[in-house]
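Trainee: After the structure tokens below, expect a handful of questions from me.
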Amino acid sequence: MSPLDLSQDAALRWPASLPEPEALGFGLYMAPFAVSATHEAGEGWSRPEVLPRAALGLELASGALQYGLSVFEGAKAYRASGGALHLFRPREHIARLRRSAARLCLPDVDEAMFMKMLLRAVEVHRDWVPPAGRGSLYLRPTLFACEEGLGLRAARRHRLVVLASPASNPLGAPKRLWAERELIRAADGGLGAAKTAANY
């Protein structure tokens with residue numbers, strides 16, 4: 001079995017609190033738990049743990065909230081027709097997260113830990129993964145400065161959190177796009193190539 005595959009599922013128990021997969025939309029229903037690890041300067045990463053989302057708290061004076069010192073990814077887990085769960089291109093996501101983190105002077109994230117956290121998030125929320133062909137479990141790994149203190153500087157404490165949210169398949173309808181010529185984010189030497197909250 002590939003290390004990116006999760007084992008065969010038992011019978012799917014779709015949460016009664018959720019609508020049918022086709023009505024989920026995107027990012028509207030947050031799964032109840034998050035996988036979290038913290039990084040302390042000079043000590044490295046803690047062991048990842050599963051916590052209720054509400055237990056994570058919010059550091060109002062953190063570098064993430066005050067100065068945009070955060071980066072994120074958008075991975076997905078799908079259910080195969082036989083019930084097994086699979087991650088979509090997780091190694092490409094960790095490679096981009098590491099590049100983005102380096103651009104914002106955030107701590108590096110080991111690929112093995114990143115993979116472990118993604119798989120744990122899917123395992124905890126396996127019933128939140130829609131049936132085969134009817135959607136996905138969207139995973140939002142987010143790395144951010146969580147040390148409190150005002151003043152722009154490199155933080156000494158950071159957190160990596162993986163949130164989960166079941167999502168419908170994207171609509172295939174045509175879309176209209178706008179090409180902005182003046183208010184751009186991808187200036188030379190800027191943050192345009194980093195997947196950071198500051199760009200959004």
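Naming scheme: A, B, ... for chains in displayed order of the structure tokens; residues 1 onward per chain; ligands 1 onward as shown.
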Name the residues of segment 16-191 of chain A that come out as helix (DSSP H, G or I) in a backbone DSSP run; write them as a VMD selection string.
Mentor: chain A and resid 21 to 23 53 to 56 63 to 67 90 to 103 111 to 124 126 to 128
Trainee: Neighbouring residues of segment 107-110 of chain A were defined as those with any atom within 9 Å, considering only C-alpha atoms; residues of the same chain fewer than 2 positions away were excluded. Please report them as an MDAnalysis selection string.
Mentor: chainID A and resid 39 41 44:45 94 97:99 101:102 105 112:115 143 158 160
Trainee: Segment 10-18 of chain A: which residues within 8 Å, counting only C-alpha atoms, same-chain residues fewer than 5 positions away excluded, as a list in words?
Mentor: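 Contacts, in chain order: Leu24, Tyr29, Gly83, Asp127, Trp128, Pro130 and Pro131 of chain A.
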Trainee: Mind giving me the straight-line distance from atom CA of Glu49 of chain A to atom CA of Leu163 of chain A in Å, one decimal?
Mentor: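 About the pair atom CA of Glu49 of chain A and atom CA of Leu163 of chain A: they are 12.5 Å apart.
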Trainee: I want to know what sits within 10 Å of Gln66 of chain A, based on only C-alpha atoms, with residues of the same chain fewer than 2 positions away left out; could you give that as an MDAnalysis selection string?
Mentor: chainID A and resid 59:64 68:69 145 148:152
Trainee: How about saving the chosen residues, N, CA, C and O atoms kept, as a PDB file, in the first residue's frame?
Mentor:
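File written: result_36.pdb
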```
ATOM      1  N   GLU A  59      -4.457  34.211  19.455  1.00  0.00           N
ATOM      2  CA  GLU A  59      -3.546  35.191  20.048  1.00  0.00           C
ATOM      3  C   GLU A  59      -3.725  36.515  19.319  1.00  0.00           C
ATOM      4  O   GLU A  59      -3.259  36.685  18.205  1.00  0.00           O
ATOM      5  N   LEU A  60      -4.422  37.456  19.950  1.00  0.00           N
ATOM      6  CA  LEU A  60      -4.806  38.688  19.257  1.00  0.00           C
ATOM      7  C   LEU A  60      -3.616  39.568  18.905  1.00  0.00           C
ATOM      8  O   LEU A  60      -3.671  40.332  17.943  1.00  0.00           O
ATOM      9  N   ALA A  61      -2.527  39.477  19.672  1.00  0.00           N
ATOM     10  CA  ALA A  61      -1.350  40.304  19.389  1.00  0.00           C
ATOM     11  C   ALA A  61      -0.267  39.511  18.662  1.00  0.00           C
ATOM     12  O   ALA A  61       0.899  39.895  18.678  1.00  0.00           O
ATOM     13  N   SER A  62      -0.653  38.416  18.029  1.00  0.00           N
ATOM     14  CA  SER A  62       0.341  37.580  17.344  1.00  0.00           C
ATOM     15  C   SER A  62       0.801  38.224  16.044  1.00  0.00           C
ATOM     16  O   SER A  62       0.103  39.046  15.444  1.00  0.00           O
ATOM     17  N   GLY A  63       1.975  37.794  15.596  1.00  0.00           N
ATOM     18  CA  GLY A  63       2.480  38.267  14.316  1.00  0.00           C
ATOM     19  C   GLY A  63       1.599  37.853  13.157  1.00  0.00           C
ATOM     20  O   GLY A  63       1.515  38.535  12.144  1.00  0.00           O
ATOM     21  N   ALA A  64       0.907  36.713  13.308  1.00  0.00           N
ATOM     22  CA  ALA A  64       0.023  36.258  12.233  1.00  0.00           C
ATOM     23  C   ALA A  64      -1.137  37.222  12.051  1.00  0.00           C
ATOM     24  O   ALA A  64      -1.459  37.621  10.923  1.00  0.00           O
ATOM     25  N   GLY A  68       0.386  39.549   9.372  1.00  0.00           N
ATOM     26  CA  GLY A  68       0.218  38.623   8.256  1.00  0.00           C
ATOM     27  C   GLY A  68       1.286  37.547   8.164  1.00  0.00           C
ATOM     28  O   GLY A  68       1.532  37.027   7.078  1.00  0.00           O
ATOM     29  N   LEU A  69       1.923  37.197   9.287  1.00  0.00           N
ATOM     30  CA  LEU A  69       2.975  36.178   9.266  1.00  0.00           C
ATOM     31  C   LEU A  69       2.361  34.789   9.300  1.00  0.00           C
ATOM     32  O   LEU A  69       2.373  34.089  10.315  1.00  0.00           O
ATOM     33  N   ALA A 145       2.737  32.572  12.994  1.00  0.00           N
ATOM     34  CA  ALA A 145       3.377  33.065  14.213  1.00  0.00           C
ATOM     35  C   ALA A 145       2.307  33.227  15.281  1.00  0.00           C
ATOM     36  O   ALA A 145       1.315  33.925  15.068  1.00  0.00           O
ATOM     37  N   GLU A 148       2.692  36.216  21.182  1.00  0.00           N
ATOM     38  CA  GLU A 148       2.089  37.536  21.332  1.00  0.00           C
ATOM     39  C   GLU A 148       3.171  38.590  21.556  1.00  0.00           C
ATOM     40  O   GLU A 148       4.162  38.356  22.244  1.00  0.00           O
ATOM     41  N   GLY A 149       2.956  39.749  20.986  1.00  0.00           N
ATOM     42  CA  GLY A 149       3.881  40.865  21.106  1.00  0.00           C
ATOM     43  C   GLY A 149       3.773  41.744  19.881  1.00  0.00           C
ATOM     44  O   GLY A 149       3.799  41.256  18.757  1.00  0.00           O
ATOM     45  N   LEU A 150       3.619  43.034  20.092  1.00  0.00           N
ATOM     46  CA  LEU A 150       3.516  43.964  18.975  1.00  0.00           C
ATOM     47  C   LEU A 150       4.900  44.390  18.525  1.00  0.00           C
ATOM     48  O   LEU A 150       5.854  44.390  19.299  1.00  0.00           O
ATOM     49  N   GLY A 151       5.002  44.752  17.272  1.00  0.00           N
ATOM     50  CA  GLY A 151       6.287  45.095  16.673  1.00  0.00           C
ATOM     51  C   GLY A 151       6.668  44.021  15.675  1.00  0.00           C
ATOM     52  O   GLY A 151       6.715  42.837  16.016  1.00  0.00           O
ATOM     53  N   LEU A 152       6.921  44.431  14.444  1.00  0.00           N
ATOM     54  CA  LEU A 152       7.221  43.467  13.385  1.00  0.00           C
ATOM     55  C   LEU A 152       8.611  42.877  13.588  1.00  0.00           C
ATOM     56  O   LEU A 152       9.606  43.604  13.603  1.00  0.00           O
TER      57      LEU A 152
END
```
Trainee: Pick from A:Arg157, A:Arg176, A:Arg103, A:His86: nearest to Glu123 of chain A, with only C-alpha atoms counted?
Mentor: A:His86
Trainee: Taking the DSSP secondary structure from the backbone, can you list the residues of segment 16-58 of chain A that are strand (DSSP E), as a list in words?
Mentor: Phe33, Ala34, Val35, Ser36, Ala37, Thr38, His39, Glu40, Gly44, Trp45, Glu49, Val50, Leu51 and Pro52 of chain A
Trainee: Keeping only N, CA, C and O atoms, write the selected residues as a PDB file, in the first residue's frame.
Mentor:
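Once everything was written out, this is again24.pdb:
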```pdb
ATOM      1  N   PHE A  33     -12.413  18.940  14.821  1.00  0.00           N
ATOM      2  CA  PHE A  33     -11.083  18.840  15.405  1.00  0.00           C
ATOM      3  C   PHE A  33     -10.024  19.393  14.449  1.00  0.00           C
ATOM      4  O   PHE A  33     -10.257  19.529  13.253  1.00  0.00           O
ATOM      5  N   ALA A  34      -8.867  19.716  15.000  1.00  0.00           N
ATOM      6  CA  ALA A  34      -7.715  20.155  14.223  1.00  0.00           C
ATOM      7  C   ALA A  34      -6.498  19.385  14.708  1.00  0.00           C
ATOM      8  O   ALA A  34      -6.426  18.980  15.863  1.00  0.00           O
ATOM      9  N   VAL A  35      -5.557  19.167  13.810  1.00  0.00           N
ATOM     10  CA  VAL A  35      -4.279  18.570  14.182  1.00  0.00           C
ATOM     11  C   VAL A  35      -3.288  19.717  14.315  1.00  0.00           C
ATOM     12  O   VAL A  35      -3.160  20.548  13.415  1.00  0.00           O
ATOM     13  N   SER A  36      -2.598  19.777  15.466  1.00  0.00           N
ATOM     14  CA  SER A  36      -1.787  20.941  15.785  1.00  0.00           C
ATOM     15  C   SER A  36      -0.409  20.536  16.304  1.00  0.00           C
ATOM     16  O   SER A  36      -0.272  19.547  17.029  1.00  0.00           O
ATOM     17  N   ALA A  37       0.607  21.320  15.926  1.00  0.00           N
ATOM     18  CA  ALA A  37       1.959  21.176  16.474  1.00  0.00           C
ATOM     19  C   ALA A  37       2.527  22.575  16.637  1.00  0.00           C
ATOM     20  O   ALA A  37       2.187  23.491  15.883  1.00  0.00           O
ATOM     21  N   THR A  38       3.362  22.764  17.648  1.00  0.00           N
ATOM     22  CA  THR A  38       3.963  24.074  17.888  1.00  0.00           C
ATOM     23  C   THR A  38       5.475  23.995  17.714  1.00  0.00           C
ATOM     24  O   THR A  38       6.094  22.951  17.928  1.00  0.00           O
ATOM     25  N   HIS A  39       6.047  25.123  17.321  1.00  0.00           N
ATOM     26  CA  HIS A  39       7.496  25.230  17.129  1.00  0.00           C
ATOM     27  C   HIS A  39       8.023  26.327  18.048  1.00  0.00           C
ATOM     28  O   HIS A  39       7.545  27.459  18.001  1.00  0.00           O
ATOM     29  N   GLU A  40       8.980  25.978  18.869  1.00  0.00           N
ATOM     30  CA  GLU A  40       9.652  26.945  19.734  1.00  0.00           C
ATOM     31  C   GLU A  40      11.069  27.139  19.215  1.00  0.00           C
ATOM     32  O   GLU A  40      11.773  26.161  18.932  1.00  0.00           O
ATOM     33  N   GLY A  44      12.563  23.311  18.400  1.00  0.00           N
ATOM     34  CA  GLY A  44      11.973  22.552  17.300  1.00  0.00           C
ATOM     35  C   GLY A  44      10.498  22.293  17.494  1.00  0.00           C
ATOM     36  O   GLY A  44       9.832  22.931  18.313  1.00  0.00           O
ATOM     37  N   TRP A  45       9.993  21.323  16.739  1.00  0.00           N
ATOM     38  CA  TRP A  45       8.557  21.045  16.696  1.00  0.00           C
ATOM     39  C   TRP A  45       8.131  20.092  17.806  1.00  0.00           C
ATOM     40  O   TRP A  45       8.831  19.143  18.127  1.00  0.00           O
ATOM     41  N   GLU A  49      -0.784  16.867  17.844  1.00  0.00           N
ATOM     42  CA  GLU A  49      -1.884  16.362  18.649  1.00  0.00           C
ATOM     43  C   GLU A  49      -3.211  16.792  18.044  1.00  0.00           C
ATOM     44  O   GLU A  49      -3.293  17.786  17.331  1.00  0.00           O
ATOM     45  N   VAL A  50      -4.248  16.027  18.336  1.00  0.00           N
ATOM     46  CA  VAL A  50      -5.599  16.342  17.874  1.00  0.00           C
ATOM     47  C   VAL A  50      -6.309  17.111  18.981  1.00  0.00           C
ATOM     48  O   VAL A  50      -6.362  16.655  20.124  1.00  0.00           O
ATOM     49  N   LEU A  51      -6.847  18.286  18.620  1.00  0.00           N
ATOM     50  CA  LEU A  51      -7.517  19.143  19.595  1.00  0.00           C
ATOM     51  C   LEU A  51      -8.856  19.613  19.031  1.00  0.00           C
ATOM     52  O   LEU A  51      -8.997  19.776  17.819  1.00  0.00           O
ATOM     53  N   PRO A  52      -9.835  19.859  19.908  1.00  0.00           N
ATOM     54  CA  PRO A  52     -11.043  20.537  19.425  1.00  0.00           C
ATOM     55  C   PRO A  52     -10.655  21.905  18.865  1.00  0.00           C
ATOM     56  O   PRO A  52      -9.787  22.585  19.426  1.00  0.00           O
TER      57      PRO A  52
END
```
Trainee: How many Å lie between atom CA of Pro21 of chain A and atom CA of Ala132 of chain A, rounded to one decimal?
Mentor: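 Separation between atom CA of Pro21 of chain A and atom CA of Ala132 of chain A: 10.4 Å.
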Trainee: How many Å lie between atom CA of Ala155 of chain A and atom CA of Ala55 of chain A, rounded to one decimal?
Mentor: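 About the pair atom CA of Ala155 of chain A and atom CA of Ala55 of chain A: they are 21.6 Å apart.
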Trainee: Which residue, A:Arg126, A:Arg140, A:Arg134, A:Arg91, has the smallest gap to Gly27 of chain A when you use only C-alpha atoms?
Mentor: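 Under the stated criterion, the closest residue is A:Arg140.
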Trainee: Env of Ser136 of chain A: 12 Å cut, atoms = only C-alpha atoms, seq-sep filter 6 positions within chain, self excluded. Answer as number ranges by chain.
Mentor: A: 21-22, 24-27, 74-80, 85-88, 122, 125-130, 164-170
Trainee: Leaving out Tyr200 of chain A and any residue of its chain fewer than 6 positions from it, which residues lie within 12 Å of it when counting only C-alpha atoms, given as a PDB file with N, CA, C and O atoms, in the first residue's frame?
Mentor:
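Saved result, selection04.pdb, follows:
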```
ATOM      1  N   GLY A  68       0.386  39.549   9.372  1.00  0.00           N
ATOM      2  CA  GLY A  68       0.218  38.623   8.256  1.00  0.00           C
ATOM      3  C   GLY A  68       1.286  37.547   8.164  1.00  0.00           C
ATOM      4  O   GLY A  68       1.532  37.027   7.078  1.00  0.00           O
ATOM      5  N   SER A  70       1.809  34.385   8.189  1.00  0.00           N
ATOM      6  CA  SER A  70       1.206  33.060   8.068  1.00  0.00           C
ATOM      7  C   SER A  70       1.247  32.616   6.613  1.00  0.00           C
ATOM      8  O   SER A  70       1.205  33.439   5.699  1.00  0.00           O
ATOM      9  N   VAL A  71       1.337  31.307   6.437  1.00  0.00           N
ATOM     10  CA  VAL A  71       1.266  30.698   5.109  1.00  0.00           C
ATOM     11  C   VAL A  71       0.335  29.499   5.200  1.00  0.00           C
ATOM     12  O   VAL A  71       0.109  28.954   6.287  1.00  0.00           O
ATOM     13  N   PHE A  72      -0.224  29.093   4.065  1.00  0.00           N
ATOM     14  CA  PHE A  72      -1.189  27.994   4.098  1.00  0.00           C
ATOM     15  C   PHE A  72      -1.170  27.229   2.792  1.00  0.00           C
ATOM     16  O   PHE A  72      -0.594  27.669   1.800  1.00  0.00           O
ATOM     17  N   ILE A 184      -1.693  45.183  -8.270  1.00  0.00           N
ATOM     18  CA  ILE A 184      -1.110  43.850  -8.373  1.00  0.00           C
ATOM     19  C   ILE A 184      -0.442  43.451  -7.058  1.00  0.00           C
ATOM     20  O   ILE A 184      -0.052  44.291  -6.260  1.00  0.00           O
ATOM     21  N   ARG A 185      -0.318  42.138  -6.845  1.00  0.00           N
ATOM     22  CA  ARG A 185       0.373  41.643  -5.652  1.00  0.00           C
ATOM     23  C   ARG A 185       1.715  41.009  -5.999  1.00  0.00           C
ATOM     24  O   ARG A 185       2.521  40.757  -5.117  1.00  0.00           O
ATOM     25  N   ALA A 186       1.959  40.695  -7.268  1.00  0.00           N
ATOM     26  CA  ALA A 186       3.145  39.948  -7.664  1.00  0.00           C
ATOM     27  C   ALA A 186       4.238  40.866  -8.190  1.00  0.00           C
ATOM     28  O   ALA A 186       4.768  40.668  -9.270  1.00  0.00           O
ATOM     29  N   LEU A 191       5.779  39.292  -2.344  1.00  0.00           N
ATOM     30  CA  LEU A 191       5.312  38.019  -1.806  1.00  0.00           C
ATOM     31  C   LEU A 191       4.403  37.267  -2.765  1.00  0.00           C
ATOM     32  O   LEU A 191       3.730  36.321  -2.365  1.00  0.00           O
ATOM     33  N   GLY A 192       4.375  37.675  -4.025  1.00  0.00           N
ATOM     34  CA  GLY A 192       3.426  37.088  -4.963  1.00  0.00           C
ATOM     35  C   GLY A 192       3.542  35.586  -5.115  1.00  0.00           C
ATOM     36  O   GLY A 192       2.552  34.904  -5.352  1.00  0.00           O
ATOM     37  N   ALA A 194       4.466  33.484  -2.743  1.00  0.00           N
ATOM     38  CA  ALA A 194       4.218  32.820  -1.461  1.00  0.00           C
ATOM     39  C   ALA A 194       2.716  32.701  -1.233  1.00  0.00           C
ATOM     40  O   ALA A 194       1.961  33.633  -1.505  1.00  0.00           O
TER      41      ALA A 194
END
```
Trainee: Between A:Leu139, A:Leu28, A:Ala198, A:Leu65, single out the one closest to Val162 of chain A, counting only C-alpha atoms.
Mentor: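 Among the listed residues, the smallest separation from Val162 of chain A belongs to A:Leu139.
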